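Down below is the structure, laid out as structure tokens.
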Amino acid sequence: MYSLTSVSQPDAHLIQALAAVWEASVCATHDFLTEADLIELRPQVIEALPQMTVLLVMCDGATLAPAAFLGLASHKIEALFVHPQARGQGLGKRL
């Protein structure tokens, strides 16, 4: 079971957890990115997350760890990532 939370001001711990979801998701779905690309993009993701107008986070009910997230900025979806272990469970659709 997953719970949905809206976060207005993510703390550093949550930002790091969401960046880990981003990285796991990208590694599983973006075969064209190299390790060097990920190293270059990670700081940009960490910088962008707190600037999202709306940040919706799906957390695992047992561990409370983020499993997926959606970020909106200027009424546009700028980020939608699901951890590979949570794929196929409808989290992206719920977000």
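In the structure tokens, the first chain shown is A, the next is B, and so on; residue numbers restart at 1 for each chain, and ligands run from 1 in the order shown.
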
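Proximity to A:Ala17 at 12 Å, evaluated using only C-alpha atoms and with sequence-adjacent residues fewer than 2 positions away removed, yields Pro10, Asp11, Ala12, His13, Leu14, Ile15, Ala19, Ala20, Val21, Trp22, Glu23, Ala24, Val45, Ile46, Leu49, Val57, Met58, Cys59, Leu64, Ala65, Pro66, Ala67, Ala68, Phe69 and His83 of chain A.
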
Those of chain A in DSSP strand (DSSP E), formatted as a list in words: Tyr2, Ser3, Leu4, Thr5, Ser6, Val7, Val54, Leu55, Leu56, Val57, Met58, Cys59, Asp60, Pro66, Ala67, Ala68, Phe69, Leu70, Gly71, Leu72, Ala73, Lys76, Ile77, Glu78, Ala79, Leu80, Phe81 and Val82 of chain A

What residues in chain A get the DSSP label helix (DSSP H, G or I)? Please answer as a PyMOL selection string. chain A and resi 12-29+35-51+84-86+91-94

Mind pulling up the distance from atom CA of A:Met1 to atom CA of A:Ala62?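 Atom-to-atom, atom CA of A:Ala62 and atom CA of A:Met1 are spaced 7.7 Å apart.
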
Would you please work out which residue, of A:Arg42, A:His75, A:Leu91, A:Phe81, is nearest to A:Gln16 when using only C-alpha atoms?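 Counting only C-alpha atoms, the residue closest to A:Gln16 is A:Arg42.
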
Using only C-alpha atoms, which residue out of A:Glu47, A:Thr34, A:Leu18, A:Tyr2 lies closest to A:Gln89?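 Closest to A:Gln89, using only C-alpha atoms: A:Tyr2.
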
Could you check how far atom CA of A:Leu4 sits from atom CA of A:Ala79, in Å to one decimal? 15.8 Å

Take atom CA of A:Gly88 and atom CA of A:Ile39 and report the distance between them in Å, one decimal. 27.1 Å

Within 8 Å of A:Gly71, counting only C-alpha atoms, which residues show up once you throw out same-chain ones fewer than 5 positions away? Write them as a list in words, please. Leu49, Met52, Thr53, Val54, Leu55, Leu56, Ile77, Glu78, Ala79 and Leu80 of chain A
